[in-house]
Structure formats: C-alpha cells, structure tokens
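Here is run_24.cif, consisting of mmCIF, C-alpha atoms and all ligand atoms:
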data_input
#
loop_
_atom_site.label_atom_id
_atom_site.label_comp_id
_atom_site.auth_asym_id
_atom_site.auth_seq_id
_atom_site.Cartn_x
_atom_site.Cartn_y
_atom_site.Cartn_z
CA MET A 13 -38.05 3.03 30.01
CA PRO A 14 -35.87 0.29 28.54
CA HIS A 15 -37.74 -2.28 26.48
CA PRO A 16 -38.78 -5.08 28.86
CA VAL A 17 -36.91 -7.82 26.98
CA LEU A 18 -34.13 -5.97 25.15
CA ASN A 19 -32.20 -4.08 27.78
CA ARG A 20 -28.80 -5.19 26.61
CA VAL A 21 -27.82 -5.61 22.97
CA VAL A 22 -24.44 -6.95 21.90
CA VAL A 23 -23.35 -5.70 18.47
CA ALA A 24 -20.65 -8.04 17.18
CA PRO A 25 -20.14 -7.67 13.42
CA SER A 26 -17.36 -8.52 11.01
CA GLY A 27 -16.24 -5.87 8.52
CA PHE A 28 -17.91 -5.66 5.08
CA LYS A 29 -15.21 -6.14 2.47
CA GLU A 30 -14.60 -2.96 0.44
CA SER A 31 -17.39 -1.18 2.30
CA LEU A 32 -17.06 -1.00 6.11
CA SER A 33 -14.47 -1.86 8.73
CA ALA A 34 -15.76 -3.96 11.62
CA ARG A 35 -15.73 -0.84 13.79
CA ALA A 36 -17.70 1.21 11.24
CA ALA A 37 -20.20 -1.67 10.94
CA ALA A 38 -20.60 -1.80 14.72
CA ASP A 39 -21.16 1.96 14.87
CA ALA A 40 -23.72 1.84 12.07
CA ILE A 41 -25.65 -1.01 13.70
CA ALA A 42 -25.54 0.70 17.10
CA ALA A 43 -27.04 3.84 15.54
CA GLY A 44 -29.95 1.75 14.22
CA VAL A 45 -30.47 0.07 17.60
CA ARG A 46 -30.49 3.46 19.29
CA ARG A 47 -33.39 4.63 17.08
CA VAL A 48 -35.58 1.77 18.27
CA LEU A 49 -34.28 1.12 21.78
CA PRO A 50 -33.02 4.50 23.00
CA ASP A 51 -32.41 3.29 26.54
CA ALA A 52 -30.88 -0.12 25.88
CA ALA A 53 -27.25 -0.72 26.79
CA ILE A 54 -25.42 -1.30 23.52
CA ASP A 55 -22.18 -3.26 23.77
CA ARG A 56 -20.10 -2.87 20.60
CA VAL A 57 -17.59 -5.61 19.84
CA PRO A 58 -16.15 -5.19 16.32
CA LEU A 59 -14.74 -8.61 15.46
CA VAL A 60 -11.67 -9.60 13.53
CA ASP A 61 -10.47 -12.93 12.14
CA GLY A 62 -6.73 -12.30 12.10
CA GLY A 63 -6.66 -10.69 8.66
CA GLU A 64 -6.91 -7.05 7.61
CA GLY A 65 -7.81 -4.70 10.44
CA THR A 66 -6.86 -7.09 13.24
CA ALA A 67 -4.11 -4.94 14.78
CA VAL A 68 -6.17 -1.74 14.63
CA GLU A 69 -9.27 -3.33 16.14
CA LEU A 70 -7.49 -5.16 18.94
CA ALA A 71 -5.52 -2.05 19.91
CA ALA A 72 -8.76 -0.06 20.07
CA ALA A 73 -10.69 -2.76 21.93
CA THR A 74 -8.08 -3.21 24.65
CA GLY A 75 -7.01 0.40 25.19
CA GLY A 76 -3.69 -0.35 23.52
CA ARG A 77 -1.86 1.53 20.77
CA LEU A 78 -0.44 1.12 17.29
CA VAL A 79 3.27 1.38 16.58
CA ALA A 80 3.96 2.68 13.05
CA LEU A 81 7.13 1.70 11.20
CA ALA A 82 8.51 0.89 7.75
CA ALA A 83 9.21 -2.75 6.85
CA THR A 84 9.70 -4.95 3.80
CA GLY A 85 6.52 -5.47 1.78
CA PRO A 86 5.52 -8.64 -0.10
CA LEU A 87 7.37 -7.56 -3.25
CA GLY A 88 10.53 -6.64 -1.35
CA GLU A 89 9.85 -2.90 -1.40
CA PRO A 90 9.57 -0.84 1.80
CA VAL A 91 6.00 -0.25 3.00
CA GLY A 92 4.54 1.79 5.83
CA THR A 93 3.02 -0.63 8.33
CA HIS A 94 2.21 -1.10 12.01
CA PHE A 95 1.78 -3.56 14.82
CA ALA A 96 -0.29 -3.25 17.98
CA LEU A 97 0.62 -3.20 21.63
CA LEU A 98 -2.43 -4.31 23.57
CA GLY A 99 -3.72 -2.82 26.79
CA ALA A 100 -1.97 -5.64 28.63
CA ARG A 101 1.44 -4.20 27.76
CA ASP A 102 3.34 -7.43 27.40
CA THR A 103 1.27 -8.55 24.38
CA ALA A 104 1.90 -7.36 20.83
CA VAL A 105 -0.21 -8.19 17.77
CA VAL A 106 1.46 -8.59 14.39
CA GLU A 107 -1.11 -8.65 11.59
CA MET A 108 0.60 -10.37 8.68
CA ALA A 109 -1.74 -8.71 6.15
CA ALA A 110 -0.47 -5.28 7.24
CA VAL A 111 2.95 -6.07 5.80
CA ALA A 112 2.46 -9.02 3.43
CA GLY A 113 -1.22 -8.82 2.51
CA LEU A 114 -2.71 -9.45 -0.92
CA ALA A 115 -3.90 -5.84 -0.97
CA LEU A 116 -0.23 -4.76 -1.04
CA VAL A 117 0.36 -6.65 -4.30
CA PRO A 118 -0.97 -4.83 -7.40
CA ARG A 119 -3.10 -7.15 -9.51
CA ALA A 120 -0.70 -7.07 -12.47
CA LEU A 121 2.19 -8.23 -10.27
CA ARG A 122 0.44 -11.15 -8.54
CA ASP A 123 2.73 -14.17 -8.46
CA PRO A 124 2.59 -16.00 -5.12
CA GLY A 125 5.85 -17.81 -5.90
CA ALA A 126 7.72 -14.53 -5.69
CA THR A 127 6.25 -12.75 -2.65
CA THR A 128 7.86 -12.79 0.78
CA THR A 129 6.90 -12.70 4.45
CA TYR A 130 10.22 -11.02 5.31
CA GLY A 131 8.30 -8.04 6.73
CA VAL A 132 6.42 -10.31 9.16
CA GLY A 133 9.74 -11.33 10.71
CA GLU A 134 10.77 -7.67 10.91
CA LEU A 135 7.53 -6.82 12.72
CA ILE A 136 8.04 -9.69 15.19
CA ARG A 137 11.53 -8.34 15.91
CA ALA A 138 10.21 -4.81 16.33
CA ALA A 139 7.53 -6.12 18.70
CA LEU A 140 10.19 -7.90 20.77
CA ASP A 141 12.21 -4.63 20.82
CA THR A 142 9.37 -3.01 22.79
CA GLY A 143 9.81 -5.59 25.55
CA ALA A 144 6.66 -7.55 24.60
CA ARG A 145 6.92 -11.15 25.82
CA ARG A 146 3.92 -12.42 23.97
CA VAL A 147 3.50 -11.91 20.24
CA LEU A 148 0.21 -12.83 18.65
CA VAL A 149 0.46 -13.21 14.86
CA GLY A 150 -2.82 -12.74 12.98
CA CYS A 151 -3.15 -14.66 9.70
CA GLY A 152 -5.49 -14.14 6.77
CA ASP A 153 -5.74 -11.99 3.62
CA SER A 154 -2.11 -12.79 2.78
CA GLY A 155 -0.46 -12.26 -0.59
CA THR A 156 2.31 -14.78 0.07
CA SER A 157 2.95 -18.51 -0.25
CA ASP A 158 6.50 -18.77 1.02
CA GLY A 159 5.73 -20.99 4.00
CA GLY A 160 6.99 -18.19 6.24
CA ALA A 161 10.49 -18.57 4.77
CA GLY A 162 10.94 -14.79 4.54
CA ALA A 163 9.89 -14.36 8.17
CA LEU A 164 12.48 -16.92 9.26
CA GLN A 165 15.18 -15.13 7.24
CA ALA A 166 14.27 -11.81 8.88
CA LEU A 167 14.49 -13.50 12.27
CA GLY A 168 18.03 -14.66 11.50
CA ALA A 169 17.75 -18.14 9.96
CA ARG A 170 19.93 -18.75 6.88
CA LEU A 171 18.25 -20.71 4.09
CA LEU A 172 20.98 -22.24 1.96
CA ASP A 173 21.12 -23.97 -1.41
CA ALA A 174 23.31 -27.00 -2.16
CA ASP A 175 26.31 -24.71 -2.77
CA GLY A 176 25.85 -22.89 0.53
CA PHE A 177 24.42 -19.70 -1.01
CA ALA A 178 21.49 -17.92 0.63
CA LEU A 179 18.19 -18.34 -1.18
CA PRO A 180 16.51 -15.28 -2.67
CA PRO A 181 12.97 -14.44 -1.47
CA GLY A 182 9.83 -16.27 -2.63
CA GLY A 183 8.19 -19.65 -2.11
CA ARG A 184 9.25 -20.98 -5.51
CA GLU A 185 12.94 -20.84 -4.47
CA LEU A 186 12.28 -23.42 -1.75
CA THR A 187 12.65 -26.26 -4.26
CA ARG A 188 16.40 -25.44 -4.08
CA LEU A 189 16.60 -25.36 -0.29
CA ALA A 190 19.24 -27.81 0.91
CA ARG A 191 19.66 -26.84 4.55
CA ILE A 192 18.78 -24.27 7.20
CA ASP A 193 21.39 -22.70 9.47
CA PRO A 194 19.52 -21.59 12.60
CA SER A 195 22.59 -20.29 14.48
CA GLY A 196 21.75 -16.63 13.79
CA LEU A 197 18.13 -16.82 15.00
CA ASP A 198 17.10 -14.00 17.31
CA PRO A 199 17.83 -15.42 20.80
CA ARG A 200 14.81 -13.62 22.26
CA LEU A 201 12.58 -16.12 20.44
CA ARG A 202 13.58 -18.73 23.01
CA ASP A 203 11.77 -16.92 25.82
CA ALA A 204 9.00 -15.22 23.85
CA ASP A 205 5.52 -16.70 23.68
CA LEU A 206 4.72 -16.73 19.98
CA LEU A 207 1.06 -17.47 19.21
CA VAL A 208 -0.33 -17.77 15.70
CA ALA A 209 -4.05 -17.17 15.25
CA CYS A 210 -5.00 -19.49 12.38
CA ASN A 211 -7.83 -21.15 10.62
CA PRO A 212 -7.14 -24.77 11.62
CA PHE A 213 -8.48 -26.00 8.28
CA ASN A 214 -5.55 -24.44 6.42
CA VAL A 215 -2.73 -26.92 5.93
CA LEU A 216 0.63 -26.57 4.21
CA CYS A 217 0.83 -29.58 1.86
CA GLY A 218 -1.22 -32.14 0.01
CA GLU A 219 -4.46 -31.90 -1.95
CA ARG A 220 -5.88 -29.31 0.48
CA GLY A 221 -2.54 -27.54 0.83
CA VAL A 222 -2.11 -23.79 0.48
CA ALA A 223 -0.66 -23.81 -3.02
CA ARG A 224 -3.72 -25.62 -4.39
CA VAL A 225 -6.41 -23.93 -2.28
CA PHE A 226 -5.15 -20.35 -2.24
CA GLY A 227 -2.53 -20.22 -5.03
CA PRO A 228 -5.00 -19.47 -7.84
CA GLN A 229 -6.70 -16.60 -5.97
CA LYS A 230 -3.29 -15.10 -5.27
CA GLY A 231 -2.52 -15.15 -8.98
CA ALA A 232 -0.75 -18.51 -9.61
CA THR A 233 -1.16 -20.34 -12.94
CA PRO A 234 -1.78 -24.13 -12.76
CA ALA A 235 1.91 -24.79 -13.49
CA GLN A 236 2.95 -22.37 -10.75
CA VAL A 237 0.59 -24.10 -8.32
CA GLU A 238 2.31 -27.44 -8.94
CA HIS A 239 5.77 -25.91 -8.60
CA LEU A 240 4.79 -24.20 -5.35
CA SER A 241 3.30 -27.43 -3.97
CA ALA A 242 6.60 -29.21 -4.54
CA ALA A 243 8.55 -26.30 -3.06
CA LEU A 244 6.46 -26.35 0.11
CA GLU A 245 6.89 -30.13 0.42
CA ASN A 246 10.64 -29.59 0.41
CA TRP A 247 10.25 -26.71 2.89
CA ALA A 248 8.34 -28.95 5.33
CA TYR A 249 10.94 -31.68 4.96
CA VAL A 250 14.00 -29.45 5.56
CA LEU A 251 12.32 -27.46 8.36
CA THR A 252 11.49 -30.67 10.20
CA ARG A 253 14.94 -32.17 9.70
CA ASP A 254 16.99 -29.06 10.59
CA LEU A 255 14.88 -27.30 13.25
CA ARG A 256 13.28 -30.36 14.87
CA PRO A 257 10.11 -28.46 15.84
CA PRO A 258 7.79 -29.65 18.61
CA VAL A 259 4.84 -29.65 16.13
CA PRO A 260 4.59 -33.26 14.95
CA ASP A 261 3.37 -32.63 11.41
CA LEU A 262 4.34 -29.46 9.56
CA ARG A 263 2.84 -30.78 6.31
CA THR A 264 -0.77 -31.26 7.30
CA GLY A 265 -1.07 -30.23 10.96
CA PRO A 266 -3.96 -27.82 11.72
CA GLY A 267 -3.05 -24.24 10.81
CA THR A 268 0.28 -25.07 9.17
CA GLY A 269 -1.10 -23.55 5.96
CA ALA A 270 -2.23 -20.30 7.57
CA SER A 271 -1.35 -17.34 5.35
CA GLY A 272 0.55 -19.20 2.67
CA GLY A 273 2.25 -21.51 5.16
CA LEU A 274 3.42 -18.83 7.58
CA GLY A 275 1.89 -21.09 10.23
CA ALA A 276 4.34 -23.89 9.43
CA GLY A 277 7.37 -21.60 9.36
CA LEU A 278 6.58 -20.04 12.73
CA ALA A 279 5.62 -23.41 14.24
CA ALA A 280 9.11 -24.61 13.32
CA LEU A 281 10.43 -21.86 15.61
CA GLY A 282 8.27 -23.14 18.47
CA ALA A 283 5.21 -20.92 17.92
CA ARG A 284 1.87 -22.34 18.98
CA LEU A 285 -0.76 -22.58 16.24
CA LEU A 286 -4.14 -21.78 17.81
CA PRO A 287 -7.71 -21.55 16.47
CA ARG A 288 -8.02 -17.89 15.51
CA PHE A 289 -11.35 -17.00 17.09
CA ASP A 290 -10.38 -18.45 20.47
CA VAL A 291 -7.14 -16.56 20.71
CA LEU A 292 -8.35 -13.27 19.20
CA TRP A 293 -11.72 -13.00 20.87
CA ASP A 294 -10.35 -13.97 24.27
CA GLN A 295 -8.55 -10.62 24.14
CA VAL A 296 -11.90 -8.80 24.13
CA GLY A 297 -13.80 -11.14 26.46
CA LEU A 298 -16.49 -11.86 23.87
CA ASP A 299 -18.09 -14.86 25.58
CA ALA A 300 -18.78 -13.06 28.85
CA ARG A 301 -20.37 -10.22 26.89
CA LEU A 302 -22.58 -12.59 24.87
CA ALA A 303 -23.68 -14.32 28.05
CA ARG A 304 -25.16 -11.01 29.31
CA ALA A 305 -26.98 -10.09 26.08
CA ASP A 306 -30.75 -10.05 25.56
CA LEU A 307 -30.13 -9.91 21.80
CA VAL A 308 -26.99 -10.43 19.70
CA LEU A 309 -26.58 -8.61 16.37
CA THR A 310 -23.89 -9.82 14.04
CA ALA A 311 -23.14 -8.97 10.39
CA GLU A 312 -20.91 -9.50 7.38
CA GLY A 313 -20.71 -8.36 3.76
CA ALA A 314 -22.16 -11.53 2.27
CA LEU A 315 -24.12 -14.07 4.28
CA ASP A 316 -24.25 -17.33 2.31
CA HIS A 317 -23.25 -21.00 2.22
CA GLN A 318 -19.65 -19.97 3.06
CA THR A 319 -20.72 -18.39 6.33
CA PRO A 320 -20.95 -21.64 8.34
CA ARG A 321 -17.41 -22.54 7.19
CA GLY A 322 -15.61 -20.57 9.82
CA LYS A 323 -16.91 -17.05 9.13
CA ILE A 324 -17.46 -14.56 11.92
CA PRO A 325 -21.32 -14.51 12.10
CA ALA A 326 -21.46 -18.31 12.32
CA GLU A 327 -18.95 -18.37 15.13
CA VAL A 328 -20.72 -15.54 16.98
CA ALA A 329 -24.00 -17.43 16.65
CA ARG A 330 -22.45 -20.67 17.85
CA ARG A 331 -21.09 -18.96 20.95
CA ALA A 332 -24.30 -16.98 21.60
CA LYS A 333 -26.24 -20.23 21.55
CA LEU A 334 -24.02 -21.65 24.32
CA TYR A 335 -25.83 -19.07 26.48
CA GLY A 336 -29.21 -19.45 24.74
CA ARG A 337 -29.10 -15.93 23.25
CA PRO A 338 -31.14 -14.92 20.16
CA VAL A 339 -29.09 -13.87 17.14
CA LEU A 340 -30.00 -11.57 14.26
CA ALA A 341 -27.56 -11.38 11.34
CA LEU A 342 -27.42 -8.40 8.97
CA ALA A 343 -25.71 -8.60 5.60
CA GLY A 344 -24.97 -6.51 2.52
CA THR A 345 -25.84 -9.49 0.37
CA LEU A 346 -28.02 -12.44 1.36
CA GLY A 347 -26.94 -15.33 -0.81
CA GLU A 348 -27.88 -18.96 -1.06
CA GLY A 349 -27.69 -20.64 2.34
CA ALA A 350 -28.11 -17.37 4.26
CA HIS A 351 -31.09 -18.82 6.11
CA GLU A 352 -29.34 -22.00 7.12
CA VAL A 353 -26.55 -20.66 9.28
CA PRO A 354 -26.74 -22.64 12.53
CA GLY A 355 -27.53 -20.44 15.51
CA VAL A 356 -28.75 -17.47 13.44
CA ASP A 357 -32.46 -17.00 14.26
CA ALA A 358 -33.18 -14.42 11.55
CA CYS A 359 -31.23 -12.61 8.87
CA HIS A 360 -31.91 -9.33 7.15
CA GLY A 361 -30.38 -7.80 4.04
CA ILE A 362 -29.45 -4.13 4.17
CA LEU A 363 -30.77 -3.12 0.73
CA PRO A 364 -34.18 -1.44 0.82
CA ALA A 365 -34.54 -1.87 -2.96
CA PRO A 366 -32.49 -3.26 -5.88
CA MET A 367 -29.32 -1.18 -6.13
CA ALA A 368 -26.02 -1.26 -8.00
CA LEU A 369 -23.29 -2.93 -5.94
CA ALA A 370 -20.99 0.11 -6.22
CA GLU A 371 -23.63 2.34 -4.68
CA ALA A 372 -24.40 -0.20 -1.93
CA LEU A 373 -20.71 -0.43 -1.04
CA THR A 374 -20.40 3.36 -0.78
CA ARG A 375 -23.58 3.79 1.24
CA GLY A 376 -22.87 0.82 3.53
CA ALA A 377 -23.08 2.65 6.86
CA GLU A 378 -26.34 4.42 6.15
CA LEU A 379 -27.95 1.27 4.71
CA LEU A 380 -26.83 -0.81 7.68
CA THR A 381 -28.26 1.69 10.19
CA ASP A 382 -31.62 1.82 8.39
CA ALA A 383 -31.74 -1.97 8.03
CA THR A 384 -31.01 -2.48 11.72
CA GLU A 385 -33.87 -0.18 12.57
CA ARG A 386 -36.24 -2.01 10.19
CA ALA A 387 -35.27 -5.44 11.45
CA LEU A 388 -35.63 -4.49 15.11
CA ARG A 389 -39.05 -2.93 14.54
CA LEU A 390 -40.19 -6.14 12.84
CA ILE A 391 -38.82 -8.23 15.67
CA LEU A 392 -40.58 -6.11 18.28
CA LEU A 393 -43.80 -6.25 16.27
CA GLY A 394 -43.39 -10.01 15.84
CA SER A 395 -42.96 -10.48 19.57
CA ARG A 396 -46.37 -8.85 20.10
CA LEU A 397 -48.22 -10.91 17.49
CA PRO A 398 -49.75 -14.28 18.30
CA VAL A 399 -48.05 -15.82 15.25
CA HIS A 400 -44.63 -14.69 14.09
CA ALA A 401 -45.91 -12.99 10.96
CA ALA A 402 -42.87 -10.76 10.81
CA ALA A 403 -40.39 -13.57 10.44
CA ALA A 404 -40.93 -14.13 6.73
CA GLU A 405 -40.37 -10.50 5.97
CA VAL A 406 -37.22 -10.32 8.07
CA SER A 407 -35.68 -13.14 6.08
CA GLY A 408 -36.28 -12.26 2.38
CA THR A 409 -33.32 -13.19 0.15
CA GLN A 410 -31.67 -10.09 -1.23
CA ARG A 411 -28.76 -9.17 -3.47
CA PRO A 412 -27.53 -5.96 -5.03
CA SER A 413 -29.00 -5.74 -8.54
CA SER A 414 -25.61 -5.99 -10.21
CA VAL A 415 -24.85 -9.36 -8.65
CA ARG A 416 -28.24 -10.94 -9.29
N1 LIG A 501 -22.49 -2.35 1.60
C1 LIG A 501 -22.72 -3.49 0.95
N2 LIG A 501 -23.86 -3.67 0.27
C2 LIG A 501 -24.10 -4.81 -0.42
N3 LIG A 501 -23.24 -5.84 -0.47
C3 LIG A 501 -22.09 -5.71 0.20
C4 LIG A 501 -21.77 -4.55 0.95
N4 LIG A 501 -20.56 -4.72 1.51
C5 LIG A 501 -20.14 -5.94 1.13
N5 LIG A 501 -21.05 -6.54 0.35
C6 LIG A 501 -20.97 -7.86 -0.28
O1 LIG A 501 -20.16 -8.69 0.49
C7 LIG A 501 -19.09 -9.23 -0.29
C8 LIG A 501 -17.88 -9.41 0.60
O2 LIG A 501 -18.21 -10.33 1.59
P1 LIG A 501 -17.57 -10.33 3.04
O3 LIG A 501 -17.39 -8.93 3.52
O4 LIG A 501 -18.42 -11.23 3.85
O5 LIG A 501 -16.12 -10.91 2.81
P2 LIG A 501 -15.67 -12.32 2.15
O6 LIG A 501 -15.22 -12.07 0.76
O7 LIG A 501 -16.72 -13.35 2.37
O8 LIG A 501 -14.37 -12.64 2.93
P3 LIG A 501 -14.07 -12.87 4.44
O9 LIG A 501 -15.37 -12.83 5.22
O10 LIG A 501 -13.43 -14.21 4.44
O11 LIG A 501 -13.13 -11.76 4.77
C9 LIG A 501 -18.92 -8.22 -1.40
O12 LIG A 501 -18.37 -8.82 -2.52
C10 LIG A 501 -20.35 -7.76 -1.64
O13 LIG A 501 -21.02 -8.65 -2.50
O1 LIG A 502 -4.03 -15.56 4.25
C1 LIG A 502 -4.43 -16.48 3.52
O2 LIG A 502 -3.68 -17.25 2.91
C2 LIG A 502 -5.88 -16.68 3.33
O3 LIG A 502 -6.62 -15.53 3.70
C3 LIG A 502 -6.33 -17.83 4.20
O4 LIG A 502 -5.95 -17.67 5.51
#
Rewrite the coordinates I just gave you, this time as structure tokens.
Ligand SMILES: Nc1ncnc2c1ncn2[C@@H]1O[C@H](COP(=O)(O)OP(=O)(O)OP(=O)(O)O)[C@@H](O)[C@H]1O
Ligand SMILES: O=C(O)[C@H](O)CO
Amino acid sequence: MPHPVLNRVVVAPSGFKESLSARAAADAIAAGVRRVLPDAAIDRVPLVDGGEGTAVELAAATGGRLVALAATGPLGEPVGTHFALLGARDTAVVEMAAVAGLALVPRALRDPGATTTYGVGELIRAALDTGARRVLVGCGDSGTSDGGAGALQALGARLLDADGFALPPGGRELTRLARIDPSGLDPRLRDADLLVACNPFNVLCGERGVARVFGPQKGATPAQVEHLSAALENWAYVLTRDLRPPVPDLRTGPGTGASGGLGAGLAALGARLLPRFDVLWDQVGLDARLARADLVLTAEGALDHQTPRGKIPAEVARRAKLYGRPVLALAGTLGEGAHEVPGVDACHGILPAPMALAEALTRGAELLTDATERALRLILLGSRLPVHAAAAEVSGTQRPSSVR
C-alpha cells in the first residue's frame, strides 16, 4: 500500500561539486526514498543551472543525444567536447563550460585575461550545421573573461585594432579594439533563435562587473582585474557602436556578465538573455511535476547563506511553494543560514558522524541514500506525533570534520 500522504515524491537535486552529478544525486536520493516508501511514485528531475553537466543532463532528460567533437579550448588548444540535441530536434544546447570552463584551465595557467570563448562560437556553428534552429547557450563555471569576443570571432566577426590587424585571443586585448567588421558573420545567425541561459545578476561592467566579481576566482591579480575592467568597458562601447544590438545596455543589462561577459557578446548578435532556471527547467517541465508532488526533495553540496542567492534548492523551494508543496533539502554540508532558506521546510545533512571531507566526497552516493532514508523516517514519525518532536533532529547543523 502506498503511504497515505506520500504517494508521489519529486526528487529534484543539484549536483554536489566534486562528489556527485545531479543525476547521481537524484539516483541516490531515489534509492533512499524507495527504502521507506517502496510503492511511492518517484519522479527524478536532476537539475542544472547552465554550467557543468547542463548538456548531458538536458539530453538525458528530453530523450535527446550528445554530439561529440573537437573544438578550441580556453587556452587555444584543441579539446574534446560536446553539445546536446534535445528530444525536440530543432533545439541544441551549447554548454559553455564544456569548451571554455574553468575546469579546463590548469590552476598554474589561470589568467582570465588570456582565455578565449572561441570554442563556444565553434559549438554554435556545429549546432547550426545539424539544422537546429534554436540554440540554447548555458552559462556558468566559465574560465574566461573575454566578453564573448572569441565566440564572435569564431562566428565570423573580425575584431580589429587601430591599424586594421585582427586582435589575438583574450579579454585583455580588448583595450586595443578599435572596430568590429561584422561582414563575415555566419548568415544563419539571422534566422536562428539564440537563447542564453544566464544569472540575471551577472553584469558586464561597473563595480559589480565580471572582472571584479569573478576575475579573482578565475586567477586574476588586482592589477589584472583593473585592466580587464577597462578592456570590457571598451568592448561594450565598440560592440554597441558597430553592431547596434537590440539590447539597450550591454554594460549593465541583466545577464550581460554571464560567463565572463559571453552574455554581452552574444546579445550583440541578437541573442536573448533569459533567466537561466526559466529557460532550462522549462525544457523538463519542472513546474508541472512539482504541482503533482506530495513531497519535494532537493539537494546540493553545501546548503548555506549562499543558497537563497539563486542556487538550485532555493529556486526549487520557491516554485514548490507556488503549489503549496512541502520541501526537504539534503546537503553534504549544512552551513550557516541552512535553516533560513525560504520555502525549505526542513534540511538534513548527509553525514552520520564527523568525517574527513575527502571521505565524504568519495562516499557521497551512499551517504545521500542513507540520509534520505533517515530523514524520511523522521518525517513519517513526526507526522504521527502530536508535537513535531522530530523536527529538531532533522535540522541539526552539520559539517565534515575537516571544514569545521
Ligand atoms: N559528499 C559530500 N559530503 C560533504 N560535503 C560535500 C559533499 N559534496 C559536496 N560537499 C560540500 O559542498 C561544497 C560544494 O558546494 P556545492 O556543490 O553546493 O557547489 P557550490 O560551490 O556552492 O557552487 P554552485 O552551487 O554554484 O555550483 C563542497 O566544497 C563541500 O564542502
Ligand atoms: O561562468 C561564470 O563566470 C560564473 O560561473 C558565473 O556565471
């Protein structure tokens, strides 16, 4: 017999960085649910935010496929990469991190003024070669800060210095950009629907611009950050003057800073910059699935004060609450603020006891399955008690011992 109140459980986790992909997290949680609610319908929706894993997950979720190819990596070297063709055949997904991600730049070589998004432009071209009319570009986890200059070059734009010579790759070169010759741009861009899934809070220029906010974590020194800021100012100016894009403000418009300014570069070609969760999760029909759930389980590596700032569990909880659904969040690490994520009714750490982080990362799947089982048993017990005695136990703050 299904449990009277938990017939349908939606499992909608993010990946756990360096431990579990979103799909592996969903499988691990589902295994825990199955132990407690053997007859419940479990609806797995591994969720992506546009960064690493986006193409793989969306291909899997829509019955689509991956197309493997070689393209130019962030340091100019060839890398093996892929894009996705979704179940609806006319839509391709280009995940920028798969060809220009930070993970493709060895730590010792990190210099965001030098890296290029050339490969992103190559993937867009390859996607158009398949006949796709709609190309969805996922942003996040990038290792670049070139404003999408490389992508524009790969798509046929010529970026010229004052003497008419083509600029070499890298955001820092954009201080020398004098004009853009768009005459060689791929003509298919005119008819293609180019959508960029971005975090709207990321902007190209100014105090909150990409050079200042993301430059340091991509390896820039303070002097390099200032140089890059100036280069991207010039980029916005020349792009606006020479391409006359429909986007009114390439400097500080929402999403212009996505993935080191790739948002701005593509917007200058007429791409639409859209809030990432809307455009990505529409592809998997998340809202309709949440609306049918008796319980929603979400998860991420670290649940903390960052979570409400546009992280996956917070957005899942916000949407679940539109339909009045209860939400339980599971996390590798419960940090400060874990209990204050709006819409999350209870959270539960996956560690049964203090443990070294390295071990917790390796044993992520097993720990997540066991923790799901524990949390559900407490919830079911709590629902039978006159007072919710279980709640306190479900929510204890927890960190791996090495990060205490
Ligand atoms: N299996 C695990 N056990 C314990 N802690 C984990 C585990 N997996 C991930 N974490 C913790 O989560 C952190 C990563 O957090 P998370 O996966 O939420 O990504 P993030 O860095 O917040 O980035 P984003 O969500 O923006 O991609 C790790 O540094 C680690 O502390
Ligand atoms: O790609 C990036 O620049 C960061 O992950 C923010 O989107």
Show me which residues line ligand LIG 501 (chain A), defined as having an atom within 8 Å of a ligand atom where all atoms listed in the file count, and present them as a ChimeraX atom specification. /A:26-32,61,63,153,312-315,318-319,323-324,343-345,362-363,369,371-377,379-380,411-412,415
Exercise: Ala80 of chain A partners within 7 Å, only C-alpha atoms, chain neighbours under 4 positions left out, as a compact mmCIF listing (two decimals) with C-alpha atoms, in the frame of the given file:
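So the final result, stored in out-v4.txt, reads:
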# COMPACT_ATOMS: atom_id res chain seq x y z
CA THR A 93 3.02 -0.63 8.33
CA HIS A 94 2.21 -1.10 12.01
CA PHE A 95 1.78 -3.56 14.82
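Residues surrounding segment 105-117 of chain A within 6 Å are Gly63, Glu64, Ala67, Gly85, Pro86, Thr93, Phe95, Ala96, Thr129, Gly131, Val132, Val147, Leu148, Val149, Gly150, Cys151, Asp153, Ser154 and Gly155 of chain A [only C-alpha atoms; sequence separation below 2 positions excluded].
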Atom-to-atom span, atom CA of Leu135 of chain A and atom CA of Ala242 of chain A, Å: 28.3 Å
Extract, using only C-alpha atoms, all DNA, RNA and protein residues at most 7 Å from Gly92 of chain A, discarding same-chain residues fewer than 5 positions from it, and format them as a ChimeraX atom specification. /A:81-83
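Near (15.6, -15.4, 23.5), the residues that fall inside 12 Å on the basis of only C-alpha atoms are Arg137, Leu140, Asp141, Gly143, Ala144, Arg145, Leu167, Gly196, Leu197, Asp198, Pro199, Arg200, Leu201, Arg202, Asp203, Ala204, Asp205, Leu206, Leu281 and Gly282 of chain A.
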